[in-house]
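K.L.:
Can you read through this structure? Questions will come right after.
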Amino acid sequence: MSEGIQIWINRLRDWIERVTTALFAVDQDRMSRWVNRIWYAGLYLFGAAAWGFFLNWGRIGFDIHDWTQEGPRYFFVRQALLAGKLPLTIGSDLASTPNFLAIPDTIISPQIVLLRFLEPGTFVLVNSLFLYSLGFIGLLLLRRKFNWSAVTFAFVFVLFSLNGHPIAQVAVGHSMWISYFLLPYFVLLVYALIEGAADWNWVTLVALLVLGINLNGGFHFVNWTMLFLLLLGLTSRRYLAPVLKAVLFSVLVSLPRILPAALEFGGEGRSFISGFFSLTDMLSAFVTLKPPQQALAGAYSAFGWWEADTYTGALGLLILLVFGVYMTLRDSGDESADHRHLMGAMLAMAVLSLGKIFQPLTMLPIPLADTERVSSRFIIVPAVILMVLAGIALERFLRSRSWGLGTRIASLLVLGVTAHDLLQHARLWRVENMDLLFPSTPVDIRAAVIAQADAQYVTALLIGLGVAAVSLVFLLVMIRRESAQAKPVA
């Protein structure tokens with residue numbers, strides 16, 4: 001080997017050494033900061049491209065499974081905006097009720113104004129990328145809170161952004177599932193609770209987050225996050241009072257969404273379907289790459305594999321189990337008790353996602369109690385928290401010793417294989433491949449804006465808005481009073 005080639009090889013090795021060191025380091029020099037900025041920008045663009053490809057860049061036919069109900073909703077809102085009218089009452093045979101705002105999983109967040117300028121398919125893409133961006137910011141806030149290195153952040157980011165749960169649900173037409181990307185903010189608030197910051201400001205932030213999720217159609221995510229908070233409250237009396245206040249005011253602030261839905265659908269008596277058939281099925285949901293053609297075969301023919309799919313790949317599940325479970329439970333630091341409370345609530349929610357264990361709760365005489373008919377969906381909330389716990393333990397593990405270049409490269413290869421597996425899942429479940437699972441059902445997604453709205457429906461909306469406004473004023477008063485009491489006396 002010539003001396004010139006050897007020099008270039010040494011320079012390349014030195015460059016790789018410096019770059020990989022920067023990705024694993026927390027205390028950074030100027031070069032490390034630039035490497036990290038490029039790394040984070042690359043991750044963001046990678047995830048955005050993956051979701052854009054998955055959504056077929058907005059070319060959605062609205063003729064497959066639940067896309068047939070999503071199309072009229074977006075068309076209706078677009079027509080209302082173009083006509084300068086409130087989207088109160090929809091005229092469409094594909095709508096479950098003409099009272100549009102009583103449908104709890106419709107998207108009525110501020111970004112719907114974009115429908116004035118975008119066709120429904122393009123809006124789904126833009127809105128998805130917008131919420132994906134909010135989710136990325138949420139993950140960056142978690143990175144800053146726990147002081148993750150760039151490589152730890154990447155593991156959490158890949159597992160969170162591309163796991164099978166949101167991908168499979170959106171694929172079959174549940175476009176409101178994109179509110180999943182607001183869950184990092186829920187995790188931040190959960191950590192604020194267990195760290196003792198559960199004041200009136202915390203209660204207000206929980207209520208506002210729940211309102212944001214509700215406005216983005218994440219009605220089910222609201223149910224699951226509130227259920228998780230209640231389970232966490234049962235693990236310690238220290239959490240119970242703030243949790244009960246947070247749940248109460250979350251309901252009151254979101255009452256304009258909840259009250260019309262409760263009146264419209266409260267007495268339907270929907271039958272419970274099922275959760276995971278067994279613990280084996282639950283674990284299988286994380287590692288089985290099942291193509292759409294097989295989603296209605298076998299045991300899941302009654303409600304579809306997309307209701308179980310939580311694909312992380314084998315390496316992803318290994319990371320979650322080793323670092324998220326084993327390393328967290330082994331920890332004996334100051335956070336161990338709080339993490340055990342978290343693990344208790346996560347375990348309880350996982351148990352409720354099995355079989356028909358949750359069914360008795362759907363039979364309670366509470367409006368909308370019967371809306372959670374598929375309890376396997378619950379697993380995504382503890383799964384996301386487990387991703388964060390895995391990130392905390394992984395970072396602690398990486399800092400526990402000095403790693404050579406070979407080990408750092410091997411870790412990046414593990415990250416690459418994990419990302420590859422998740423991309424394969426997104427490729428198989430791409431929106432344009434859904435005709436492999438469902439027959440095309442050509443429908444007319446045009447929907448009229450009906451001028452006359454039902455009086456009871458409008459009254460429920462107005463009462464909900466009034467209660468929400470009063471509740472927000474009360475919360476602001478309590479925050480101000482609490483702040484004044486906290487100020488030292490001069």
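If you're wondering about the labels, chains in the structure tokens are A, B, ... by order shown, residues count from 1 in each chain, ligands from 1 in order shown.
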Would you please extract all alpha helix (DSSP H) residues from range 181-243 of chain A, as assigned by DSSP on the backbone, and give them as a PyMOL selection string?
P.N.:
chain A and resi 183-194+200-215+219-235+237-243
K.L.:
List the spatial neighbours of range 464-479 of chain A as a PyMOL selection string - criterion: any atom at most 12 Å away, only C-alpha atoms, same-chain residues fewer than 4 positions off excluded.
P.N.:
chain A and resi 101-102+198-208+211+245-246+248-263+457-460+483-486
K.L.:
For the atom pair CA of Ile392 in chain A and CA of Arg33 in chain A, what is the interatomic distance in Å to one decimal place?
P.N.:
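Going from CA of Ile392 in chain A over to CA of Arg33 in chain A, I get 20.9 Å.
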K.L.:
With only C-alpha atoms as the counted atoms, please give the residues lying no more than 10 Å from Val19 in chain A, apart from itself and same-chain residues fewer than 5 positions off, as an mmCIF file with C-alpha atoms, in the first residue's frame.
P.N.:
data_model
loop_
_atom_site.group_PDB
_atom_site.id
_atom_site.type_symbol
_atom_site.label_atom_id
_atom_site.label_comp_id
_atom_site.auth_asym_id
_atom_site.auth_seq_id
_atom_site.Cartn_x
_atom_site.Cartn_y
_atom_site.Cartn_z
ATOM 1 C CA ARG A 13 -10.396 6.769 10.196
ATOM 2 C CA ASP A 14 -9.695 9.946 12.153
ATOM 3 C CA PHE A 24 -22.042 9.472 21.546
ATOM 4 C CA ALA A 25 -20.831 12.510 23.495
ATOM 5 C CA MET A 31 -17.353 20.356 15.816
ATOM 6 C CA SER A 32 -19.519 18.010 17.874
ATOM 7 C CA TRP A 34 -22.229 20.868 14.146
ATOM 8 C CA VAL A 35 -22.193 17.079 13.724
ATOM 9 C CA ASN A 36 -25.199 16.832 16.027
#
K.L.:
I need the residue nearest His65 in chain A from this list: A:Val322, A:Leu315, A:Leu94, A:Leu82. Use only C-alpha atoms for the distance.
P.N.:
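Smallest separation from His65 in chain A among the options: A:Leu94.
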K.L.:
Pick from A:Asp105, A:Ala168, A:Leu88, A:Ile450: nearest to Arg430 in chain A, with only C-alpha atoms counted?
P.N.:
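Checking each candidate against Arg430 in chain A, we get A:Ala168 as the closest.
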K.L.:
Please measure the separation of CA of Gln424 in chain A and CA of Leu43 in chain A, giving the value in Å to one decimal.
P.N.:
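Those two atoms sit 17.1 Å apart.
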K.L.:
Quick one: of A:Phe155, A:Trp224, A:Tyr311, A:Phe123, who's nearest to Gly58 in chain A, counting only C-alpha atoms?
P.N.:
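Using only C-alpha atoms, the shortest distance to Gly58 in chain A belongs to A:Phe123.
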K.L.:
How far is it from CA of Trp148 in chain A to CA of His420 in chain A, in Å with one decimal?
P.N.:
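A separation of 22.4 Å between them.
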K.L.:
Give me the residues within 8 Å of Gly218 in chain A as a JSON list (two decimals) with N, CA and C atoms, in the first residue's frame, counting only C-alpha atoms and dropping any in the same chain fewer than 5 places off.
P.N.:
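result-v4.json, written as the output of this step:
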[["chain", "number", "residue", "atom", "x", "y", "z"],
["A", 105, "ASP", "N", -64.09, 12.02, 16.76],
["A", 105, "ASP", "CA", -62.75, 11.84, 16.19],
["A", 105, "ASP", "C", -62.55, 12.60, 14.88],
["A", 176, "MET", "N", -57.04, 10.42, 11.81],
["A", 176, "MET", "CA", -56.98, 11.14, 13.09],
["A", 176, "MET", "C", -55.92, 10.55, 14.02],
["A", 177, "TRP", "N", -55.41, 9.36, 13.69],
["A", 177, "TRP", "CA", -54.38, 8.73, 14.51],
["A", 177, "TRP", "C", -53.06, 9.49, 14.47],
["A", 178, "ILE", "N", -52.97, 10.48, 13.60],
["A", 178, "ILE", "CA", -51.75, 11.27, 13.52],
["A", 178, "ILE", "C", -51.58, 12.11, 14.79],
["A", 179, "SER", "N", -52.64, 12.25, 15.59],
["A", 179, "SER", "CA", -52.53, 12.93, 16.88],
["A", 179, "SER", "C", -51.63, 12.15, 17.83],
["A", 180, "TYR", "N", -51.27, 10.93, 17.46],
["A", 180, "TYR", "CA", -50.27, 10.14, 18.19],
["A", 180, "TYR", "C", -49.01, 10.95, 18.44],
["A", 213, "ILE", "N", -55.25, 17.41, 21.70],
["A", 213, "ILE", "CA", -55.42, 16.06, 21.14],
["A", 213, "ILE", "C", -56.85, 15.88, 20.65]]
K.L.:
With only C-alpha atoms as the basis for distance, which of A:Tyr40, A:Phe181, A:Phe62, A:Phe46 is at the shortest distance from Ser128 in chain A?
P.N.:
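Of A:Tyr40, A:Phe181, A:Phe62, A:Phe46, the one nearest Ser128 in chain A is A:Phe181, counting only C-alpha atoms.
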K.L.:
Where does DSSP see strand (DSSP E or B) in range 212-386 of chain A, if you list the residues as a list in words?
P.N.:
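For range 212-386 of chain A, the strand (DSSP E or B) set is Ser274, Phe276, Leu354 and Val374 of chain A.
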K.L.:
So that I can check the surroundings of Trp57 in chain A, please list as a list of chain:residue names every protein, DNA and RNA residue that reaches within 9 Å of it, counting only C-alpha atoms and ignoring chain neighbours fewer than 6 positions away.
P.N.:
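The residues that qualify are A:Trp51, A:Gly121, A:Thr122, A:Leu125.
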K.L.:
Would you list the contacts of Ala80 in chain A as a VMD selection string, taking every protein, DNA or RNA residue within 10 Å and counting only C-alpha atoms, but skipping same-chain residues closer than 4 positions in sequence?
P.N.:
chain A and resid 74 to 76 84 to 90 115 to 116 447 to 450
K.L.:
Output N, CA and C atoms of each residue in that selection to a file, as a CSV table (one decimal), in the first residue's frame.
P.N.:
chain,number,residue,atom,x,y,z
A,74,TYR,N,-63.4,15.6,5.2
A,74,TYR,CA,-62.5,16.7,4.7
A,74,TYR,C,-63.2,17.5,3.7
A,75,PHE,N,-63.9,16.9,2.8
A,75,PHE,CA,-64.6,17.6,1.7
A,75,PHE,C,-65.6,18.6,2.3
A,76,PHE,N,-66.3,18.1,3.4
A,76,PHE,CA,-67.3,19.0,4.0
A,76,PHE,C,-66.7,20.2,4.7
A,84,GLY,N,-67.6,30.2,3.7
A,84,GLY,CA,-67.6,31.1,4.9
A,84,GLY,C,-68.6,30.7,5.9
A,85,LYS,N,-68.8,29.4,6.1
A,85,LYS,CA,-69.8,28.9,7.1
A,85,LYS,C,-69.1,28.1,8.1
A,86,LEU,N,-69.8,28.0,9.3
A,86,LEU,CA,-69.3,27.1,10.3
A,86,LEU,C,-69.6,25.6,9.9
A,87,PRO,N,-68.6,24.7,10.1
A,87,PRO,CA,-68.9,23.3,9.8
A,87,PRO,C,-69.7,22.6,10.8
A,88,LEU,N,-71.0,22.9,10.9
A,88,LEU,CA,-71.9,22.4,12.0
A,88,LEU,C,-72.6,21.1,11.5
A,89,THR,N,-73.2,21.1,10.4
A,89,THR,CA,-74.1,20.0,10.0
A,89,THR,C,-73.7,19.6,8.6
A,90,ILE,N,-73.4,18.3,8.5
A,90,ILE,CA,-72.9,17.7,7.2
A,90,ILE,C,-74.0,16.9,6.5
A,115,LEU,N,-57.5,23.6,4.5
A,115,LEU,CA,-58.4,22.9,3.5
A,115,LEU,C,-59.1,23.9,2.6
A,116,ARG,N,-59.0,25.2,2.9
A,116,ARG,CA,-59.5,26.2,2.0
A,116,ARG,C,-58.7,26.3,0.7
A,447,ALA,N,-69.9,16.4,0.1
A,447,ALA,CA,-70.8,16.5,1.2
A,447,ALA,C,-71.3,18.0,1.3
A,448,ALA,N,-72.6,18.1,1.5
A,448,ALA,CA,-73.2,19.4,1.6
A,448,ALA,C,-73.1,20.1,3.0
A,449,VAL,N,-73.1,21.4,3.0
A,449,VAL,CA,-73.2,22.1,4.3
A,449,VAL,C,-74.6,22.5,4.5
A,450,ILE,N,-75.2,21.8,5.5
A,450,ILE,CA,-76.6,22.0,5.8
A,450,ILE,C,-76.8,23.3,6.6
